[in-house]
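Comments concern the structure below.
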Amino acid sequence: MKAIDLNDLIKQNFNIEFINSLKQFWHTTKSFQCLDNPKKQNLFLYVDGCKITYTDKTGKVVTANSGDVVYTPIGSEYRAQLYDFKDEKSSTIGINFMLLDENGESLILSNDILVFTCVSHVKNLFKQSLEVGHLSNYLKNRITLLEILSNLSFNKEKDVPPIVLNAVKYLEENIEKNPTIYDLAKVCNVSEVYLRKQFKESLNKSPVQFRNELRLKKSKTYLEYGDISVQEISDTLGYATVSHFIKEFKTYYGFSPLKYRKKIKTTV
């Protein structure tokens with residue numbers, strides 16, 4: 001088993017072997033523990049409407065608030081106490097998963113419990129994992145988990161102002177609509193000039209550059225895990241023409257979409 005930082009993971013090829021999602025309510029039990037019974041899978045847990053304090057077997061304590069995501073690795077042992085329930089709908093959404101490198105070795109994101117803070121914008125992805133799970137669609141499950149990994153990696157890079165996070169959330173949720181800077185600024189209730197300035201200072205790129213990278217990363221996921229045509233991908237992601245999409249993809253990744261798909265299929 002190998003530990004790899006999340007920011008390094010998303011830059012490499014890896015396989016997803018197992019995914020399972022579950023929503024749980026804790027008003028009655030209010031605790032969970034796996035001491036002397038190490039976790040057999042990685043787990044992402046979205047905390048919705050309550051707080052959780054984790055104490056691992058070494059005595060280390062970490063706390064997650066509503067809107068945070070907790071990661072517990074394979075082999076971890078801990079006790080979790082849930083409290084400060086907002087209402088009867090307070091719950092957690094968990095995604096158990098296994099990651100393998102190209103040699104088939106199990107991967108973990110850390111040897112310790114991690115808390116990703118201020119990531120409430122990923123809630124819809126966790127809810128989506130539940131819906132997809134009911135459909136038993138493994139392909140869509142993988143795509144959803146990849147989006148979650150990408151989002152958490154983005155948040156892990158640095159502290160990002162709420163205005164930028166709101167714009168990023170809007171871009172992620174409306175990627176097919178290809179929103180403009182005007183749309184983003186209106187959503188964030190700021191001027192276009194101010195939004196550009198905040199993006200540049202926080203992410204070292206413009207909103208347009210971020211939007212384009214987001215679309216290209218999404219297209220890469222479609223090519224890796226789906227069978228839809230290049231034309232359909234182009235249309236789905238809001239490109240004006242398929243030739244524009246192909247040009248942008250080749251500039252960013254160094255391959256045309258079809259060559260990239262062929263390369264991926266031959267290495268599986």
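Residue numbering restarts at 1 for every chain of the structure tokens, chains are lettered A, B, ... in their displayed order, and ligands are numbered from 1 as they appear.
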
Practice item. Would you return as a VMD selection string the members of stretch 47-127 of chain A that DSSP assigns to strand (DSSP E or B) on this structure's backbone? Key: chain A and resid 47 to 48 51 to 56 61 to 64 69 to 72 78 to 83 91 to 100 106 to 108 114 to 116

Review point. So which residues of stretch 145-201 of chain A fall under helix (DSSP H, G or I) by DSSP, listed as a VMD selection string?
Key: chain A and resid 145 to 157 162 to 173 175 to 177 181 to 188 192 to 201

Practice item. Tell me which protein, DNA and RNA residues are within 10 Å of A:Leu22, counting only C-alpha atoms, leaving out same-chain ones fewer than 3 positions away, and put them as an MDAnalysis selection string. Key: chainID A and resid 45 92:96 126:127 129:130 133

Point to revise | Shell of 7 Å around stretch 107-119 of chain A, only C-alpha atoms, local chain residues under 2 positions omitted, as a list in words | key: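 Skipping anything fewer than 2 positions along the chain leaves Met1, Lys2, Ala3, Ile4, Asp5, Leu6, Asn42, Ala64, Gly67, Asp68, Val69, Val70, Tyr71, Thr72, Pro73, Ile74, Leu99, Leu100, Asp101, Glu105, His121 and Val122 of chain A.
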
Check your understanding: Separation of atom CA of A:Leu184 and atom CA of A:Tyr170, in Å?
Key ->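 Value for the atom CA of A:Leu184-atom CA of A:Tyr170 distance: 7.3 Å.
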
**Study point:** Counting only C-alpha atoms, the option among A:Cys50, A:Leu258, A:Leu43, A:Val160 closest to A:Asn204
**Key:** A:Val160

Point to revise | Exercise: stretch 51-62 of chain A partners within 7 Å, only C-alpha atoms, chain neighbours under 2 positions left out, as a list in words | key: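 Near stretch 51-62 of chain A, the qualifying residues are Leu35, Ala64, Asn65, Ser66, Glu77, Tyr78, Arg79, Ala80, Gln81, Leu82, Tyr83 and Asp84 of chain A.
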
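When only C-alpha atoms are used to measure the gap to A:Asp227, the shortest distance among A:Thr144, A:Pro207, A:Glu192, A:Leu139 belongs to A:Leu139.
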
Review point. Which distance in Å separates atom CA of A:Lys259 and atom CA of A:Lys11, to one decimal?
Key: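 Result for atom CA of A:Lys259 versus atom CA of A:Lys11: 18.9 Å, one decimal.
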
Revision key, fill the gap. Using only C-alpha atoms, the shortest atom-to-atom distance to A:Thr28 among A:Ser91, A:Val190, A:Phe44, A:Asp8 belongs to A:Ser91

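Nearest to A:Leu216 of all the residues A:Ile233, A:Val168, A:Val187, A:Ile163 is A:Ile233, counting only C-alpha atoms.
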